[in-house]
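A quick write-up on the structure given underneath.
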Amino acid sequence: MERILIKETGRRSGEKVKLAGWVRSIRSHGKIIFFDLRDASGVAQIVFTPKDNEELYEKAKEVRPEWVVEIEGEVKERPEGMQNQGIETGNMEIKAFVLNVFSQAKTIPFPIDTDGYEINEKNRLEHRYVDIRRPRIKRNLEARHKAIKFMRDFLVNEGFIEVETPVLTKSTPEGARDFVVPSRNYSGKFYALPQSPQQYKQLLMVAGVEKYFQVARCFRDEDPRGDRQPEFTQMDIEVAFWEQKEILDLVERLHADLIKELFPGKKIMKSPFPVLTYKEAMEKYGTDRPDIRKDKNDADELAFCFVVDFPMFEYKEGDKRWGAMHNPFTRPQTEDIEEIKNNKESVLAHQYDLVLNGQEIAGGALRSYKPDILEAVFESLGYSKEEIKKQFGHLLQSFEYGVPPHGGIGFGLDRFLAVVLNEPSIREVIAFPKTGDNKDLMMDSPSDVSKEQLKELHLKIEKNEKE
RNA sequence: GGACCCGUAGCGAAAUUGGUCAUCGCGCCUCCCUGUCACGGAGGAGACUGCCGGUUCGAGUCCGGUCGGGUCCGCCA
């Protein structure tokens, strides 16, 4: 007999079926035992009585919660008055005639029939494979899957193609700290993990791909926050020949359609999404990611807005120099070289963010593609010719072979999902998140490597003083 | 790099101003129970109060350190 999913049992009244899953709970009444059996699709009640099969009944008595079992039995309509409207299969139950135990289970380290917020997160993360059995986390992972699928389908339908870009790439200056990966074959040299596929996606524009997207993993070695992880997922988009308005329109339709389709209970406060300039946002709300919700206690209210016209440059007090607010490839709104060089504080950029309930969930820009503008920006940032060549040479070189005007955007999927699912932390929407200290408690990483590995990699560990 | 919060059985909590055998709920184990669905009933086991040190006649409680979590600032083009 072929195993079927629990959700199928509703249509199988009177049939003999085989089910498999985890025993969620056991209710024993002396001469009758009920299991709630859980699989990926749902929960069903299994019934054992000694009058039907003494041996089987004795076997069922030994079973404990979270054991993995296989049941063969007959699907029966429940007697009048014994239905349970609380579960999907509540009108049915399975009268068992075979019970196979695939594996036993220790008592789980914490309850999983609650939403779990009350449990120390350390415990949950150390046993994440148990924690994910919790309906809330399972729901979150399913919602994440559906959102990604929706975005993929949406973009494919708009003529985009998904292209994978390298994860082993090159360390870049500015921006966040890179995670670096030592090279075994090239002593003293390192790859870096991408902070975003930024340069590759621009190269794809030069390559004529025109409409690119990728569900991209990004890596940043910065100190943690509740809404950050050292690795996170970005829905990364880049298009050739589009203007800012077209990009924002795509972004808006994507989000509005997604919410309507997957989260119909949510209310989008204002459609079309309000557009604020950076200046307006700062003056009116004192932040570049304003929370424009009417009622912040309403869990179903979603208030999107675009923030546009960011400054091109910002003065970095710490470093006592001018830096790019976004990145040096962002296209300034002016093409006046003198103004770019001499009037840094007033130059605006074709840069835009999408903000949701006070959280920045996407950021993007049109890119510079004219050599003289790029040169002026780099000069304003104080790069020497050699530095430019070393850090960005490959991209600038590609521009010599026919570069289209282009621009794009990247969505922080984790943060978006956390907001939409009313979760307090992005860890709740990631299958295997790291702690606030960038550690993986379950795998125990980061961890030591062997002396042999270090030797192969041409690395020596300098011990800290206290060691 | 800096600041703050938390740590008591498997889980969640309680414990007057420092004062007997560290309490409760859930879970776990045993027994009873034929219709429960968070089943019910009876009984039982389980904690060097994260760790080290100090103050005190006496520390879960006060102090210092340390370890492990969490939040925030810096940082995050």
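Chain labels follow the order of the structure tokens: the first chain is A, the next B, and so on; residue numbering restarts at 1 in every chain, and ligands are counted from 1 in their shown order.
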Please report as an mmCIF file with N, CA and C atoms, in the first residue's frame which residues of chain A come no farther than 6 Å from chain B, using only C-alpha atoms (C1' of nucleotides).
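Result file follows (result-v2.cif):
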data_model
loop_
_atom_site.group_PDB
_atom_site.id
_atom_site.type_symbol
_atom_site.label_atom_id
_atom_site.label_comp_id
_atom_site.auth_asym_id
_atom_site.auth_seq_id
_atom_site.Cartn_x
_atom_site.Cartn_y
_atom_site.Cartn_z
ATOM 1 N N HIS A 29 -7.317 5.981 27.356
ATOM 2 C CA HIS A 29 -8.475 5.871 28.247
ATOM 3 C C HIS A 29 -8.671 4.463 28.784
ATOM 4 N N GLY A 30 -7.616 3.738 28.918
ATOM 5 C CA GLY A 30 -7.759 2.394 29.450
ATOM 6 C C GLY A 30 -8.111 1.369 28.388
ATOM 7 N N LYS A 31 -9.280 1.525 27.788
ATOM 8 C CA LYS A 31 -9.668 0.550 26.764
ATOM 9 C C LYS A 31 -9.768 1.178 25.377
ATOM 10 N N ILE A 32 -9.248 2.411 25.264
ATOM 11 C CA ILE A 32 -9.190 3.042 23.940
ATOM 12 C C ILE A 32 -8.054 4.072 23.961
ATOM 13 N N PRO A 109 12.862 18.997 24.036
ATOM 14 C CA PRO A 109 13.445 19.913 25.019
ATOM 15 C C PRO A 109 12.557 21.091 25.404
ATOM 16 N N PHE A 110 11.485 21.302 24.667
ATOM 17 C CA PHE A 110 10.571 22.396 25.010
ATOM 18 C C PHE A 110 9.245 22.098 24.328
ATOM 19 N N GLU A 174 34.983 50.100 0.979
ATOM 20 C CA GLU A 174 33.763 50.769 1.436
ATOM 21 C C GLU A 174 32.740 49.721 1.818
ATOM 22 N N GLY A 175 31.570 50.191 2.165
ATOM 23 C CA GLY A 175 30.517 49.259 2.503
ATOM 24 C C GLY A 175 30.857 48.459 3.730
ATOM 25 N N ALA A 176 30.152 47.344 3.887
ATOM 26 C CA ALA A 176 30.324 46.527 5.073
ATOM 27 C C ALA A 176 31.622 45.736 4.998
ATOM 28 N N HIS A 326 25.134 55.628 -1.179
ATOM 29 C CA HIS A 326 24.725 54.280 -1.580
ATOM 30 C C HIS A 326 25.956 53.550 -2.092
ATOM 31 N N ASN A 327 26.311 53.795 -3.336
ATOM 32 C CA ASN A 327 27.610 53.333 -3.807
ATOM 33 C C ASN A 327 28.067 54.223 -4.940
#
Distance query Cys305 (chain A) at most 10 Å, only C-alpha atoms (C1' of nucleotides), self and fewer than 2 positions along chain excluded, as a PyMOL selection string: chain A and resi 252+269-276+289-292+302-303+307-308+353-358+360
Dump of N, CA and C atoms for the selected residues, as a tab-separated table (two decimals), in the first residue's frame:
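Just written: part.tsv:
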chain	number	residue	atom	x	y	z
A	252	GLU	N	6.13	48.30	-7.06
A	252	GLU	CA	4.83	48.50	-6.43
A	252	GLU	C	3.85	47.41	-6.83
A	269	MET	N	-2.30	50.48	3.21
A	269	MET	CA	-2.90	51.73	3.64
A	269	MET	C	-3.16	52.67	2.47
A	270	LYS	N	-2.16	52.84	1.60
A	270	LYS	CA	-2.33	53.82	0.54
A	270	LYS	C	-1.80	53.25	-0.76
A	271	SER	N	-2.64	53.30	-1.78
A	271	SER	CA	-2.26	52.81	-3.08
A	271	SER	C	-2.72	53.82	-4.10
A	272	PRO	N	-1.88	54.26	-5.03
A	272	PRO	CA	-0.47	53.91	-5.16
A	272	PRO	C	0.36	54.34	-3.95
A	273	PHE	N	1.49	53.69	-3.78
A	273	PHE	CA	2.34	53.98	-2.63
A	273	PHE	C	2.77	55.45	-2.65
A	274	PRO	N	2.67	56.15	-1.53
A	274	PRO	CA	3.15	57.53	-1.47
A	274	PRO	C	4.64	57.61	-1.80
A	275	VAL	N	5.02	58.69	-2.45
A	275	VAL	CA	6.43	58.90	-2.76
A	275	VAL	C	6.90	60.14	-2.01
A	276	LEU	N	7.88	59.98	-1.15
A	276	LEU	CA	8.45	61.12	-0.43
A	276	LEU	C	9.88	61.32	-0.88
A	289	ARG	N	13.30	56.40	6.84
A	289	ARG	CA	12.37	55.27	6.69
A	289	ARG	C	11.14	55.51	7.59
A	290	PRO	N	10.30	56.43	7.13
A	290	PRO	CA	9.15	56.86	7.94
A	290	PRO	C	8.10	55.76	8.08
A	291	ASP	N	7.52	55.71	9.26
A	291	ASP	CA	6.42	54.80	9.52
A	291	ASP	C	5.14	55.62	9.38
A	292	ILE	N	4.44	55.44	8.25
A	292	ILE	CA	3.28	56.30	7.98
A	292	ILE	C	1.96	55.60	8.26
A	302	LEU	N	-0.61	47.64	6.47
A	302	LEU	CA	0.69	47.74	5.81
A	302	LEU	C	0.79	49.10	5.14
A	303	ALA	N	1.80	49.87	5.54
A	303	ALA	CA	1.97	51.19	4.97
A	303	ALA	C	3.28	51.24	4.20
A	307	VAL	N	10.88	56.30	-0.74
A	307	VAL	CA	11.68	57.48	-0.45
A	307	VAL	C	12.66	57.64	-1.60
A	308	VAL	N	12.67	58.83	-2.21
A	308	VAL	CA	13.49	59.04	-3.41
A	308	VAL	C	14.38	60.27	-3.23
A	353	ASP	N	14.38	54.03	-1.96
A	353	ASP	CA	14.13	52.94	-1.02
A	353	ASP	C	12.64	52.65	-1.02
A	354	LEU	N	12.30	51.41	-0.71
A	354	LEU	CA	10.91	51.08	-0.40
A	354	LEU	C	10.85	50.85	1.11
A	355	VAL	N	9.94	51.56	1.77
A	355	VAL	CA	9.80	51.47	3.22
A	355	VAL	C	8.44	50.86	3.54
A	356	LEU	N	8.43	49.95	4.51
A	356	LEU	CA	7.18	49.31	4.94
A	356	LEU	C	7.10	49.39	6.46
A	357	ASN	N	6.07	50.05	6.94
A	357	ASN	CA	5.85	50.19	8.39
A	357	ASN	C	7.13	50.61	9.14
A	358	GLY	N	7.85	51.54	8.54
A	358	GLY	CA	9.04	52.05	9.22
A	358	GLY	C	10.29	51.21	9.04
A	360	GLU	N	13.10	49.65	6.27
A	360	GLU	CA	13.59	49.70	4.91
A	360	GLU	C	13.57	48.27	4.36
Residues within 6 Å of region 335-348 of chain A, only C-alpha atoms (C1' of nucleotides), excluding chain neighbours under 2 positions, as number ranges by chain: A: 309-312, 332-333, 380
All strand (DSSP E) positions in region 140-283 of chain A, as an MDAnalysis selection string: chainID A and resid 161:162 180:182 190:192 211:219 231:240 267:268 275:277
Resulting file, chosen residues, C-alpha atoms, as a JSON list (two decimals), in the first residue's frame:
[["chain", "number", "residue", "atom", "x", "y", "z"],
["A", 161, "ILE", "CA", 15.36, 35.71, -16.17],
["A", 162, "GLU", "CA", 17.07, 34.44, -13.06],
["A", 180, "VAL", "CA", 36.83, 36.42, 3.37],
["A", 181, "VAL", "CA", 37.71, 32.91, 2.26],
["A", 182, "PRO", "CA", 41.37, 31.93, 2.15],
["A", 190, "PHE", "CA", 41.47, 35.50, -0.45],
["A", 191, "TYR", "CA", 38.09, 35.30, -2.02],
["A", 192, "ALA", "CA", 35.30, 37.31, -0.44],
["A", 211, "LYS", "CA", 16.02, 41.93, -17.27],
["A", 212, "TYR", "CA", 17.78, 40.05, -14.50],
["A", 213, "PHE", "CA", 16.72, 38.81, -11.11],
["A", 214, "GLN", "CA", 18.10, 36.45, -8.51],
["A", 215, "VAL", "CA", 17.15, 35.13, -5.12],
["A", 216, "ALA", "CA", 20.57, 36.06, -3.83],
["A", 217, "ARG", "CA", 22.28, 35.20, -0.57],
["A", 218, "CYS", "CA", 24.28, 38.16, 0.70],
["A", 219, "PHE", "CA", 26.96, 38.22, 3.37],
["A", 231, "GLU", "CA", 23.83, 36.14, 5.79],
["A", 232, "PHE", "CA", 20.50, 37.19, 4.43],
["A", 233, "THR", "CA", 18.42, 36.79, 1.31],
["A", 234, "GLN", "CA", 17.80, 39.51, -1.19],
["A", 235, "MET", "CA", 15.49, 39.50, -4.18],
["A", 236, "ASP", "CA", 17.89, 41.20, -6.53],
["A", 237, "ILE", "CA", 16.71, 42.95, -9.70],
["A", 238, "GLU", "CA", 18.43, 44.89, -12.48],
["A", 239, "VAL", "CA", 17.07, 46.19, -15.78],
["A", 240, "ALA", "CA", 18.48, 47.94, -18.80],
["A", 267, "LYS", "CA", -4.73, 46.14, 4.30],
["A", 268, "ILE", "CA", -2.41, 48.27, 2.24],
["A", 275, "VAL", "CA", 6.43, 58.90, -2.76],
["A", 276, "LEU", "CA", 8.45, 61.12, -0.43],
["A", 277, "THR", "CA", 11.72, 62.79, -1.18]]
Residues of region 154-368 of chain A in helix (DSSP H, G or I), written as a PyMOL selection string: chain A and resi 154-157+198-206+244-262+278-285+337-342+344-346
Filtering to N, CA and C atoms, could you give me those residues as a short mmCIF file (atom, residue, chain, number, x, y, z; two decimals), in the first residue's frame?
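So out35.cif came out as:
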data_model
loop_
_atom_site.label_atom_id
_atom_site.label_comp_id
_atom_site.auth_asym_id
_atom_site.auth_seq_id
_atom_site.Cartn_x
_atom_site.Cartn_y
_atom_site.Cartn_z
N PHE A 154 6.11 36.15 -10.87
CA PHE A 154 5.77 37.51 -11.29
C PHE A 154 6.83 38.06 -12.24
N LEU A 155 8.09 37.92 -11.82
CA LEU A 155 9.17 38.50 -12.61
C LEU A 155 9.37 37.74 -13.93
N VAL A 156 9.25 36.43 -13.88
CA VAL A 156 9.38 35.64 -15.10
C VAL A 156 8.29 36.07 -16.09
N ASN A 157 7.11 36.30 -15.54
CA ASN A 157 5.99 36.73 -16.36
C ASN A 157 6.23 38.10 -16.99
N GLN A 198 25.90 43.12 -6.63
CA GLN A 198 25.89 44.42 -7.30
C GLN A 198 26.69 44.48 -8.61
N GLN A 199 27.98 44.16 -8.52
CA GLN A 199 28.80 44.35 -9.73
C GLN A 199 28.46 43.33 -10.80
N TYR A 200 28.18 42.11 -10.36
CA TYR A 200 27.83 41.09 -11.36
C TYR A 200 26.55 41.44 -12.10
N LYS A 201 25.59 41.99 -11.39
CA LYS A 201 24.33 42.25 -12.09
C LYS A 201 24.51 43.41 -13.06
N GLN A 202 25.41 44.34 -12.74
CA GLN A 202 25.68 45.40 -13.71
C GLN A 202 26.40 44.84 -14.92
N LEU A 203 27.30 43.88 -14.68
CA LEU A 203 27.98 43.23 -15.80
C LEU A 203 26.98 42.49 -16.70
N LEU A 204 25.94 41.93 -16.07
CA LEU A 204 24.91 41.25 -16.86
C LEU A 204 24.15 42.23 -17.75
N MET A 205 24.05 43.49 -17.30
CA MET A 205 23.40 44.50 -18.13
C MET A 205 24.26 44.79 -19.36
N VAL A 206 25.58 44.92 -19.14
CA VAL A 206 26.50 45.11 -20.26
C VAL A 206 26.40 43.91 -21.20
N GLN A 244 13.57 55.42 -13.70
CA GLN A 244 13.25 55.20 -12.29
C GLN A 244 11.77 54.89 -12.10
N LYS A 245 10.94 55.62 -12.79
CA LYS A 245 9.51 55.45 -12.61
C LYS A 245 9.06 54.04 -12.97
N GLU A 246 9.66 53.50 -14.02
CA GLU A 246 9.28 52.14 -14.44
C GLU A 246 9.69 51.11 -13.39
N ILE A 247 10.84 51.33 -12.79
CA ILE A 247 11.32 50.39 -11.76
C ILE A 247 10.40 50.45 -10.54
N LEU A 248 10.10 51.68 -10.10
CA LEU A 248 9.23 51.81 -8.93
C LEU A 248 7.85 51.23 -9.21
N ASP A 249 7.40 51.39 -10.43
CA ASP A 249 6.09 50.84 -10.79
C ASP A 249 6.10 49.32 -10.69
N LEU A 250 7.18 48.71 -11.17
CA LEU A 250 7.30 47.26 -11.08
C LEU A 250 7.30 46.79 -9.63
N VAL A 251 8.08 47.50 -8.82
CA VAL A 251 8.21 47.16 -7.41
C VAL A 251 6.85 47.26 -6.72
N GLU A 252 6.13 48.30 -7.06
CA GLU A 252 4.83 48.50 -6.43
C GLU A 252 3.85 47.41 -6.83
N ARG A 253 3.79 47.11 -8.11
CA ARG A 253 2.85 46.08 -8.56
C ARG A 253 3.20 44.73 -7.94
N LEU A 254 4.49 44.44 -7.89
CA LEU A 254 4.94 43.18 -7.30
C LEU A 254 4.45 43.05 -5.85
N HIS A 255 4.67 44.10 -5.08
CA HIS A 255 4.29 44.01 -3.67
C HIS A 255 2.77 44.01 -3.48
N ALA A 256 2.11 44.87 -4.22
CA ALA A 256 0.65 44.96 -4.07
C ALA A 256 0.00 43.64 -4.46
N ASP A 257 0.45 43.06 -5.57
CA ASP A 257 -0.14 41.79 -6.03
C ASP A 257 0.17 40.67 -5.05
N LEU A 258 1.40 40.68 -4.54
CA LEU A 258 1.80 39.62 -3.60
C LEU A 258 0.95 39.65 -2.34
N ILE A 259 0.75 40.83 -1.80
CA ILE A 259 -0.05 40.96 -0.58
C ILE A 259 -1.48 40.52 -0.83
N LYS A 260 -2.02 40.96 -1.97
CA LYS A 260 -3.40 40.61 -2.31
C LYS A 260 -3.57 39.10 -2.44
N GLU A 261 -2.58 38.46 -3.05
CA GLU A 261 -2.68 37.03 -3.33
C GLU A 261 -2.38 36.17 -2.09
N LEU A 262 -1.32 36.52 -1.36
CA LEU A 262 -0.85 35.64 -0.29
C LEU A 262 -1.29 36.08 1.11
N TYR A 278 13.73 62.30 0.04
CA TYR A 278 14.55 62.14 1.24
C TYR A 278 14.40 63.37 2.14
N LYS A 279 14.42 64.53 1.51
CA LYS A 279 14.33 65.78 2.25
C LYS A 279 13.00 65.88 3.00
N GLU A 280 11.92 65.56 2.29
CA GLU A 280 10.59 65.59 2.94
C GLU A 280 10.53 64.62 4.12
N ALA A 281 11.05 63.42 3.88
CA ALA A 281 11.00 62.40 4.94
C ALA A 281 11.76 62.87 6.17
N MET A 282 12.93 63.43 5.95
CA MET A 282 13.75 63.87 7.07
C MET A 282 13.08 65.05 7.80
N GLU A 283 12.51 65.95 7.02
CA GLU A 283 11.89 67.13 7.65
C GLU A 283 10.62 66.75 8.40
N LYS A 284 9.81 65.89 7.79
CA LYS A 284 8.51 65.58 8.36
C LYS A 284 8.58 64.49 9.44
N TYR A 285 9.45 63.50 9.21
CA TYR A 285 9.47 62.34 10.13
C TYR A 285 10.81 62.18 10.86
N ILE A 337 29.62 68.15 -14.36
CA ILE A 337 30.84 67.63 -13.73
C ILE A 337 31.33 68.55 -12.61
N GLU A 338 31.27 69.85 -12.88
CA GLU A 338 31.78 70.80 -11.89
C GLU A 338 30.95 70.74 -10.60
N GLU A 339 29.64 70.60 -10.79
CA GLU A 339 28.77 70.55 -9.63
C GLU A 339 29.06 69.29 -8.79
N ILE A 340 29.28 68.17 -9.47
CA ILE A 340 29.57 66.92 -8.77
C ILE A 340 30.85 67.07 -7.95
N LYS A 341 31.81 67.74 -8.53
CA LYS A 341 33.10 67.86 -7.84
C LYS A 341 33.07 68.92 -6.73
N ASN A 342 32.35 70.01 -6.97
CA ASN A 342 32.49 71.15 -6.06
C ASN A 342 31.28 71.40 -5.18
N LYS A 344 29.26 68.93 -3.52
CA LYS A 344 28.89 67.56 -3.13
C LYS A 344 27.63 67.51 -2.27
N GLU A 345 27.51 68.46 -1.35
CA GLU A 345 26.41 68.36 -0.38
C GLU A 345 25.05 68.53 -1.03
N SER A 346 24.99 69.13 -2.21
CA SER A 346 23.67 69.37 -2.79
C SER A 346 23.35 68.46 -3.97
#
Test item: residues at most 8 Å from region 67-84 of chain A, only C-alpha atoms (C1' of nucleotides), excluding those fewer than 4 positions along its chain, as a ChimeraX atom specification: /A:9,12-23,63,90-105 /B:35,37
Gap from CA of Asn123 (chain A) to CA of Leu441 (chain A) - Å, one decimal: 9.0 Å
Exercise: Lys106 (chain A) partners within 10 Å, only C-alpha atoms (C1' of nucleotides), chain neighbours under 4 positions left out, as an MDAnalysis selection string: chainID A and resid 64:67
Surrounding residues of U61 (chain B) excluding itself and chain neighbours under 6 positions, 12 Å, only C-alpha atoms (C1' of nucleotides), as a list in words: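 What passes the distance filter is U8, A15, U16, U17, G18, G19, A22 and U49 of chain B.
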Suppose we keep C-alpha atoms (C1' of nucleotides); can you now write the selection as an mmCIF file, in the first residue's frame?
data_model
loop_
_atom_site.group_PDB
_atom_site.id
_atom_site.type_symbol
_atom_site.label_atom_id
_atom_site.label_comp_id
_atom_site.auth_asym_id
_atom_site.auth_seq_id
_atom_site.Cartn_x
_atom_site.Cartn_y
_atom_site.Cartn_z
ATOM 1 C "C1'" U B 8 16.097 29.041 39.631
ATOM 2 C "C1'" A B 15 10.389 32.745 46.581
ATOM 3 C "C1'" U B 16 8.816 39.190 52.326
ATOM 4 C "C1'" U B 17 13.618 43.669 54.263
ATOM 5 C "C1'" G B 18 19.402 38.048 53.283
ATOM 6 C "C1'" G B 19 16.619 33.433 57.632
ATOM 7 C "C1'" A B 22 13.682 26.270 47.267
ATOM 8 C "C1'" U B 49 19.418 28.457 41.926
#
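Residue neighbourhood of region 137-150 of chain A, excluding near-sequence residues (fewer than 6 positions): A:Leu258, A:Leu417, A:Glu428, A:Val429, A:Ala431, at 7 Å, using only C-alpha atoms (C1' of nucleotides).
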CA of Ser25 (chain A) to CA of Glu58 (chain A), straight-line distance in Å: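 Computed distance, CA of Glu58 (chain A) to CA of Ser25 (chain A), equals 17.1 Å.
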CA of Glu121 (chain A) to CA of Val419 (chain A), distance in Å rounded to a single decimal: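 For CA of Glu121 (chain A) relative to CA of Val419 (chain A), the distance reads 19.4 Å.
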